Amino acid sequence: MVSSDIAWAVIRNNSAFLLKKRNCNQAFSTEQCNLKNINSFRYNGLVNTKAVGVTPGPNNKGFTLTTKRVKNANRPGKNLVSVNMKAGPGRSLQKLKSSLVKQRYRKDLTKAALVRASAICRSQKPLPKKKGGKAAAASKKD
């Protein structure tokens with residue numbers, strides 16, 4: 001495997017995951033382990049030997065933490081490790097933070113991973129019931 005700097009030089013402007021839009025100076029990336037979806041060396045999941053990804057969990061319950069194994073860098077099939085976290089938002093976010101900080105696995109991506117995981121948990125929360133005249137009238141008809 002080539003060094004991450006050489007791989008980044010090749011991938012930077014030519015990638016299947018690269019997303020460029022008109023009237024937008026920032027190039028985006030759609031790869032799996034890119035927390036901010038920004039085309040930069042720091043957040044790139046293909047180039048770095050250690051990468052972190054956060055996606056919604058199965059059946060929209062919790063989220064899935066995906067990390068890369070360093071020793072399986074040349075084996076793409078066994079490269080990624082996924083862990084489902086669905087113990088509730090507070091406990092899951094605490095476990096996510098401890099797994100990244102205490103194990104010293106990409107401490108620089110901790111904040112971005114927490115932001116993305118909390119946004120996923122927030123989106124899975126049910127909407128509150130509407131108050132007001134229309135809601136009361138709809139319940140009386142039933």
# chains A, B, ... in the order shown; residues from 1 in each chain; ligands from 1
>>> select_by_dssp(residues="stretch 41-89 of chain A", states="strand (DSSP E or B)", output="PyMOL selection string")
chain A and resi 52-56+63-68+80-85
>>> write_last_selection(atoms="N, CA and C atoms", output="compact mmCIF listing (two decimals), in the first residue's frame")
# COMPACT_ATOMS: atom_id res chain seq x y z
N VAL A 52 -13.00 7.05 11.02
CA VAL A 52 -14.19 6.89 11.84
C VAL A 52 -15.41 7.26 11.01
N GLY A 53 -16.46 6.46 11.10
CA GLY A 53 -17.71 6.76 10.42
C GLY A 53 -18.88 6.53 11.34
N VAL A 54 -19.89 7.39 11.23
CA VAL A 54 -21.11 7.25 12.04
C VAL A 54 -22.29 7.29 11.08
N THR A 55 -23.11 6.23 11.10
CA THR A 55 -24.28 6.13 10.23
C THR A 55 -25.48 5.72 11.07
N PRO A 56 -26.71 5.96 10.57
CA PRO A 56 -27.89 5.50 11.32
C PRO A 56 -27.90 3.99 11.45
N PHE A 63 -27.28 4.37 16.36
CA PHE A 63 -26.35 4.63 15.27
C PHE A 63 -25.28 3.55 15.25
N THR A 64 -24.56 3.50 14.14
CA THR A 64 -23.50 2.51 13.95
C THR A 64 -22.17 3.21 13.86
N LEU A 65 -21.23 2.82 14.70
CA LEU A 65 -19.87 3.35 14.69
C LEU A 65 -19.00 2.42 13.84
N THR A 66 -18.36 2.99 12.82
CA THR A 66 -17.50 2.21 11.93
C THR A 66 -16.07 2.72 12.07
N THR A 67 -15.14 1.82 12.34
CA THR A 67 -13.72 2.19 12.43
C THR A 67 -12.92 1.27 11.52
N LYS A 68 -11.70 1.71 11.20
CA LYS A 68 -10.82 0.92 10.35
C LYS A 68 -9.80 0.19 11.21
N LEU A 80 -13.04 -2.82 7.78
CA LEU A 80 -13.95 -2.02 8.60
C LEU A 80 -14.59 -2.86 9.70
N VAL A 81 -14.73 -2.24 10.87
CA VAL A 81 -15.39 -2.86 12.02
C VAL A 81 -16.57 -1.99 12.40
N SER A 82 -17.77 -2.57 12.46
CA SER A 82 -18.98 -1.82 12.77
C SER A 82 -19.54 -2.26 14.12
N VAL A 83 -19.96 -1.28 14.92
CA VAL A 83 -20.55 -1.54 16.23
C VAL A 83 -21.86 -0.76 16.31
N ASN A 84 -22.97 -1.46 16.59
CA ASN A 84 -24.27 -0.79 16.75
C ASN A 84 -24.39 -0.27 18.17
N MET A 85 -24.80 0.98 18.30
CA MET A 85 -25.01 1.59 19.61
C MET A 85 -26.46 2.06 19.69
>>> select_by_dssp(residues="stretch 74-137 of chain A", states="helix (DSSP H, G or I)", output="MDAnalysis selection string")
chainID A and resid 76:78 89:101 107:123 133:137
>>> residues_around(residues="A:Arg122", least_positions_apart="3", cutoff="12 Å", atoms="only C-alpha atoms", output="PyMOL selection string")
chain A and resi 56+60-63+88-90+93+114-119+125-127
>>> write_last_selection(atoms="N, CA and C atoms", output="PDB file, in the first residue's frame")
ATOM      1  N   PRO A  56     -26.707   5.959  10.567  1.00  0.00           N
ATOM      2  CA  PRO A  56     -27.889   5.504  11.317  1.00  0.00           C
ATOM      3  C   PRO A  56     -27.903   3.991  11.451  1.00  0.00           C
ATOM      4  N   ASN A  60     -33.572   2.375  12.026  1.00  0.00           N
ATOM      5  CA  ASN A  60     -33.569   3.723  12.625  1.00  0.00           C
ATOM      6  C   ASN A  60     -33.584   3.673  14.151  1.00  0.00           C
ATOM      7  N   LYS A  61     -32.783   2.779  14.724  1.00  0.00           N
ATOM      8  CA  LYS A  61     -32.643   2.715  16.183  1.00  0.00           C
ATOM      9  C   LYS A  61     -31.174   2.884  16.510  1.00  0.00           C
ATOM     10  N   GLY A  62     -30.807   4.009  17.085  1.00  0.00           N
ATOM     11  CA  GLY A  62     -29.428   4.264  17.436  1.00  0.00           C
ATOM     12  C   GLY A  62     -28.583   4.581  16.226  1.00  0.00           C
ATOM     13  N   PHE A  63     -27.278   4.372  16.360  1.00  0.00           N
ATOM     14  CA  PHE A  63     -26.354   4.626  15.266  1.00  0.00           C
ATOM     15  C   PHE A  63     -25.284   3.549  15.246  1.00  0.00           C
ATOM     16  N   GLY A  88     -29.781   4.114  23.910  1.00  0.00           N
ATOM     17  CA  GLY A  88     -30.291   5.436  24.239  1.00  0.00           C
ATOM     18  C   GLY A  88     -29.229   6.469  23.924  1.00  0.00           C
ATOM     19  N   PRO A  89     -29.656   7.701  23.606  1.00  0.00           N
ATOM     20  CA  PRO A  89     -28.689   8.694  23.143  1.00  0.00           C
ATOM     21  C   PRO A  89     -27.610   9.056  24.150  1.00  0.00           C
ATOM     22  N   GLY A  90     -27.954   9.222  25.414  1.00  0.00           N
ATOM     23  CA  GLY A  90     -26.960   9.633  26.407  1.00  0.00           C
ATOM     24  C   GLY A  90     -25.861   8.604  26.585  1.00  0.00           C
ATOM     25  N   LEU A  93     -23.751   8.049  23.231  1.00  0.00           N
ATOM     26  CA  LEU A  93     -22.793   9.117  22.963  1.00  0.00           C
ATOM     27  C   LEU A  93     -21.602   9.038  23.914  1.00  0.00           C
ATOM     28  N   LEU A 114     -19.224  13.011  17.495  1.00  0.00           N
ATOM     29  CA  LEU A 114     -20.287  13.273  18.459  1.00  0.00           C
ATOM     30  C   LEU A 114     -21.385  14.138  17.861  1.00  0.00           C
ATOM     31  N   VAL A 115     -21.014  15.133  17.063  1.00  0.00           N
ATOM     32  CA  VAL A 115     -22.006  16.007  16.429  1.00  0.00           C
ATOM     33  C   VAL A 115     -22.880  15.201  15.471  1.00  0.00           C
ATOM     34  N   ARG A 116     -22.245  14.362  14.679  1.00  0.00           N
ATOM     35  CA  ARG A 116     -23.001  13.564  13.709  1.00  0.00           C
ATOM     36  C   ARG A 116     -23.901  12.540  14.410  1.00  0.00           C
ATOM     37  N   ALA A 117     -23.388  11.882  15.449  1.00  0.00           N
ATOM     38  CA  ALA A 117     -24.183  10.888  16.183  1.00  0.00           C
ATOM     39  C   ALA A 117     -25.363  11.535  16.899  1.00  0.00           C
ATOM     40  N   SER A 118     -25.156  12.699  17.489  1.00  0.00           N
ATOM     41  CA  SER A 118     -26.262  13.364  18.178  1.00  0.00           C
ATOM     42  C   SER A 118     -27.312  13.855  17.183  1.00  0.00           C
ATOM     43  N   ALA A 119     -26.891  14.266  15.982  1.00  0.00           N
ATOM     44  CA  ALA A 119     -27.854  14.666  14.956  1.00  0.00           C
ATOM     45  C   ALA A 119     -28.682  13.468  14.501  1.00  0.00           C
ATOM     46  N   LYS A 125     -35.866  10.840  16.996  1.00  0.00           N
ATOM     47  CA  LYS A 125     -36.792  11.146  18.077  1.00  0.00           C
ATOM     48  C   LYS A 125     -38.167  11.450  17.485  1.00  0.00           C
ATOM     49  N   PRO A 126     -39.258  10.921  18.043  1.00  0.00           N
ATOM     50  CA  PRO A 126     -40.581  11.199  17.475  1.00  0.00           C
ATOM     51  C   PRO A 126     -40.977  12.664  17.677  1.00  0.00           C
ATOM     52  N   LEU A 127     -41.760  13.174  16.732  1.00  0.00           N
ATOM     53  CA  LEU A 127     -42.217  14.558  16.821  1.00  0.00           C
ATOM     54  C   LEU A 127     -43.277  14.687  17.909  1.00  0.00           C
TER      55      LEU A 127
END
>>> closest_residue(among="A:Thr49, A:Asn59, A:Ser4, A:Ser123", to="A:Pro76", atoms="only C-alpha atoms")
A:Thr49
>>> residues_around(residues="A:Ala51", least_positions_apart="4", cutoff="9 Å", atoms="only C-alpha atoms", output="number ranges by chain")
A: 33-34, 43-47, 66-69, 105-106, 109
>>> atom_distance(atom1="atom CA of A:Thr110", atom2="atom CA of A:Ser92")
13.6 Å
>>> closest_residue(among="A:Val2, A:Ala112, A:Asn39, A:Ser29", to="A:Lys97", atoms="only C-alpha atoms")
A:Ala112
>>> residues_around(residues="A:Asp5", least_positions_apart="4", cutoff="10 Å", atoms="only C-alpha atoms", output="number ranges by chain")
A: 9-11, 41, 47-48
>>> write_last_selection(atoms="all heavy atoms", output="PDB file, in the first residue's frame")
ATOM      1  N   ALA A   9      -2.789  12.571  -2.919  1.00  0.00           N
ATOM      2  CA  ALA A   9      -2.455  13.340  -4.126  1.00  0.00           C
ATOM      3  C   ALA A   9      -3.184  12.783  -5.344  1.00  0.00           C
ATOM      4  O   ALA A   9      -3.594  13.547  -6.230  1.00  0.00           O
ATOM      5  CB  ALA A   9      -0.948  13.334  -4.346  1.00  0.00           C
ATOM      6  N   VAL A  10      -3.371  11.479  -5.390  1.00  0.00           N
ATOM      7  CA  VAL A  10      -4.078  10.857  -6.515  1.00  0.00           C
ATOM      8  C   VAL A  10      -5.586  11.060  -6.390  1.00  0.00           C
ATOM      9  O   VAL A  10      -6.268  11.391  -7.366  1.00  0.00           O
ATOM     10  CB  VAL A  10      -3.737   9.348  -6.574  1.00  0.00           C
ATOM     11  CG1 VAL A  10      -4.606   8.637  -7.591  1.00  0.00           C
ATOM     12  CG2 VAL A  10      -2.271   9.156  -6.888  1.00  0.00           C
ATOM     13  N   ILE A  11      -6.133  10.863  -5.207  1.00  0.00           N
ATOM     14  CA  ILE A  11      -7.582  10.899  -4.990  1.00  0.00           C
ATOM     15  C   ILE A  11      -8.148  12.319  -4.921  1.00  0.00           C
ATOM     16  O   ILE A  11      -9.314  12.526  -5.210  1.00  0.00           O
ATOM     17  CB  ILE A  11      -7.912  10.135  -3.682  1.00  0.00           C
ATOM     18  CG1 ILE A  11      -7.775   8.651  -3.924  1.00  0.00           C
ATOM     19  CG2 ILE A  11      -9.279  10.435  -3.160  1.00  0.00           C
ATOM     20  CD1 ILE A  11      -8.059   7.814  -2.726  1.00  0.00           C
ATOM     21  N   PHE A  41      -8.039  15.962   3.423  1.00  0.00           N
ATOM     22  CA  PHE A  41      -7.194  14.852   3.873  1.00  0.00           C
ATOM     23  C   PHE A  41      -7.580  14.392   5.271  1.00  0.00           C
ATOM     24  O   PHE A  41      -7.571  13.197   5.574  1.00  0.00           O
ATOM     25  CB  PHE A  41      -5.726  15.280   3.837  1.00  0.00           C
ATOM     26  CG  PHE A  41      -4.769  14.219   4.296  1.00  0.00           C
ATOM     27  CD1 PHE A  41      -4.472  13.149   3.480  1.00  0.00           C
ATOM     28  CD2 PHE A  41      -4.177  14.291   5.542  1.00  0.00           C
ATOM     29  CE1 PHE A  41      -3.594  12.159   3.897  1.00  0.00           C
ATOM     30  CE2 PHE A  41      -3.306  13.306   5.966  1.00  0.00           C
ATOM     31  CZ  PHE A  41      -3.011  12.239   5.137  1.00  0.00           C
ATOM     32  N   VAL A  47      -8.086   7.246   2.505  1.00  0.00           N
ATOM     33  CA  VAL A  47      -6.643   7.467   2.528  1.00  0.00           C
ATOM     34  C   VAL A  47      -6.035   7.161   3.893  1.00  0.00           C
ATOM     35  O   VAL A  47      -4.992   6.526   3.988  1.00  0.00           O
ATOM     36  CB  VAL A  47      -6.344   8.922   2.113  1.00  0.00           C
ATOM     37  CG1 VAL A  47      -4.889   9.245   2.299  1.00  0.00           C
ATOM     38  CG2 VAL A  47      -6.752   9.148   0.679  1.00  0.00           C
ATOM     39  N   ASN A  48      -6.681   7.595   4.959  1.00  0.00           N
ATOM     40  CA  ASN A  48      -6.125   7.451   6.307  1.00  0.00           C
ATOM     41  C   ASN A  48      -6.177   6.001   6.777  1.00  0.00           C
ATOM     42  O   ASN A  48      -7.128   5.277   6.486  1.00  0.00           O
ATOM     43  CB  ASN A  48      -6.902   8.331   7.294  1.00  0.00           C
ATOM     44  CG  ASN A  48      -6.657   9.790   7.038  1.00  0.00           C
ATOM     45  OD1 ASN A  48      -5.521  10.214   6.893  1.00  0.00           O
ATOM     46  ND2 ASN A  48      -7.721  10.571   6.968  1.00  0.00           N
TER      47      ASN A  48
END
>>> residues_around(residues="A:Leu19", least_positions_apart="3", cutoff="9 Å", atoms="only C-alpha atoms", output="number ranges by chain")
A: 15-16, 27-30, 39
>>> atom_distance(atom1="atom CA of A:Gln94", atom2="atom CA of A:Gln32")
22.4 Å
>>> atom_distance(atom1="atom CA of A:Leu18", atom2="atom CA of A:Lys107")
25.4 Å
>>> decode(residues="stretch 11-132 of chain A", atoms="C-alpha atoms", output="compact mmCIF listing (two decimals), in the first residue's frame")
# COMPACT_ATOMS: atom_id res chain seq x y z
CA ILE A 11 -7.58 10.90 -4.99
CA ARG A 12 -7.80 14.62 -4.25
CA ASN A 13 -9.17 15.73 -7.64
CA ASN A 14 -10.19 12.36 -9.14
CA SER A 15 -12.50 10.15 -7.12
CA ALA A 16 -15.81 8.38 -7.63
CA PHE A 17 -16.93 9.86 -4.31
CA LEU A 18 -16.13 13.47 -5.25
CA LEU A 19 -19.16 15.77 -5.49
CA LYS A 20 -18.77 19.22 -7.00
CA LYS A 21 -21.66 21.65 -7.47
CA ARG A 22 -22.03 24.84 -9.41
CA ASN A 23 -21.82 28.11 -7.46
CA CYS A 24 -20.17 26.29 -4.54
CA ASN A 25 -16.43 26.53 -3.96
CA GLN A 26 -16.26 23.64 -1.50
CA ALA A 27 -15.93 20.10 -2.92
CA PHE A 28 -17.81 17.41 -1.02
CA SER A 29 -17.16 13.71 -0.63
CA THR A 30 -19.71 10.89 -0.26
CA GLU A 31 -17.47 8.10 1.04
CA GLN A 32 -18.44 5.95 4.02
CA CYS A 33 -16.03 7.04 6.76
CA ASN A 34 -16.11 10.78 6.08
CA LEU A 35 -17.75 12.47 9.07
CA LYS A 36 -18.25 15.94 7.59
CA ASN A 37 -18.56 14.93 3.92
CA ILE A 38 -15.82 17.43 3.07
CA ASN A 39 -13.14 16.56 0.53
CA SER A 40 -10.08 17.02 2.75
CA PHE A 41 -7.19 14.85 3.87
CA ARG A 42 -8.23 15.00 7.52
CA TYR A 43 -11.76 13.63 7.07
CA ASN A 44 -11.03 11.25 4.16
CA GLY A 45 -11.87 7.64 5.01
CA LEU A 46 -10.12 6.02 2.05
CA VAL A 47 -6.64 7.47 2.53
CA ASN A 48 -6.13 7.45 6.31
CA THR A 49 -5.12 4.24 8.04
CA LYS A 50 -7.46 5.11 10.92
CA ALA A 51 -10.90 6.43 9.99
CA VAL A 52 -14.19 6.89 11.84
CA GLY A 53 -17.71 6.76 10.42
CA VAL A 54 -21.11 7.25 12.04
CA THR A 55 -24.28 6.13 10.23
CA PRO A 56 -27.89 5.50 11.32
CA GLY A 57 -28.42 2.09 12.86
CA PRO A 58 -30.65 -0.67 11.50
CA ASN A 59 -34.40 0.10 11.63
CA ASN A 60 -33.57 3.72 12.62
CA LYS A 61 -32.64 2.71 16.18
CA GLY A 62 -29.43 4.26 17.44
CA PHE A 63 -26.35 4.63 15.27
CA THR A 64 -23.50 2.51 13.95
CA LEU A 65 -19.87 3.35 14.69
CA THR A 66 -17.50 2.21 11.93
CA THR A 67 -13.72 2.19 12.43
CA LYS A 68 -10.82 0.92 10.35
CA ARG A 69 -8.43 -1.80 11.50
CA VAL A 70 -4.84 -0.77 10.97
CA LYS A 71 -3.47 -4.29 10.62
CA ASN A 72 -5.95 -5.16 7.83
CA ALA A 73 -5.09 -2.14 5.69
CA ASN A 74 -4.45 -4.26 2.60
CA ARG A 75 -7.62 -6.35 3.00
CA PRO A 76 -10.64 -4.14 2.18
CA GLY A 77 -13.15 -6.86 3.05
CA LYS A 78 -11.92 -7.15 6.64
CA ASN A 79 -10.84 -3.54 6.99
CA LEU A 80 -13.95 -2.02 8.60
CA VAL A 81 -15.39 -2.86 12.02
CA SER A 82 -18.98 -1.82 12.77
CA VAL A 83 -20.55 -1.54 16.23
CA ASN A 84 -24.27 -0.79 16.75
CA MET A 85 -25.01 1.59 19.61
CA LYS A 86 -28.67 1.67 20.59
CA ALA A 87 -28.67 1.99 24.38
CA GLY A 88 -30.29 5.44 24.24
CA PRO A 89 -28.69 8.69 23.14
CA GLY A 90 -26.96 9.63 26.41
CA ARG A 91 -25.31 6.28 27.02
CA SER A 92 -24.45 5.72 23.35
CA LEU A 93 -22.79 9.12 22.96
CA GLN A 94 -20.78 8.49 26.13
CA LYS A 95 -19.62 5.11 24.78
CA LEU A 96 -18.70 6.71 21.45
CA LYS A 97 -16.61 9.38 23.13
CA SER A 98 -14.84 6.90 25.39
CA SER A 99 -14.05 4.55 22.51
CA LEU A 100 -12.40 7.36 20.53
CA VAL A 101 -10.63 9.25 23.33
CA LYS A 102 -9.66 6.58 25.86
CA GLN A 103 -8.38 4.18 23.23
CA ARG A 104 -6.54 7.05 21.51
CA TYR A 105 -8.20 6.34 18.19
CA ARG A 106 -8.30 9.60 16.20
CA LYS A 107 -8.93 12.06 19.04
CA ASP A 108 -9.14 14.86 16.46
CA LEU A 109 -12.36 13.37 15.01
CA THR A 110 -14.14 12.98 18.35
CA LYS A 111 -16.07 16.25 18.17
CA ALA A 112 -17.22 15.66 14.59
CA ALA A 113 -18.31 12.09 15.43
CA LEU A 114 -20.29 13.27 18.46
CA VAL A 115 -22.01 16.01 16.43
CA ARG A 116 -23.00 13.56 13.71
CA ALA A 117 -24.18 10.89 16.18
CA SER A 118 -26.26 13.36 18.18
CA ALA A 119 -27.85 14.67 14.96
CA ILE A 120 -28.78 11.09 14.02
CA CYS A 121 -30.27 10.47 17.49
CA ARG A 122 -32.18 13.76 17.27
CA SER A 123 -33.64 12.82 13.89
CA GLN A 124 -34.89 9.48 15.25
CA LYS A 125 -36.79 11.15 18.08
CA PRO A 126 -40.58 11.20 17.48
CA LEU A 127 -42.22 14.56 16.82
CA PRO A 128 -44.33 16.01 19.65
CA LYS A 129 -48.14 16.04 19.31
CA LYS A 130 -49.58 19.26 17.94
CA LYS A 131 -51.61 21.46 20.24
CA GLY A 132 -54.39 23.70 19.06
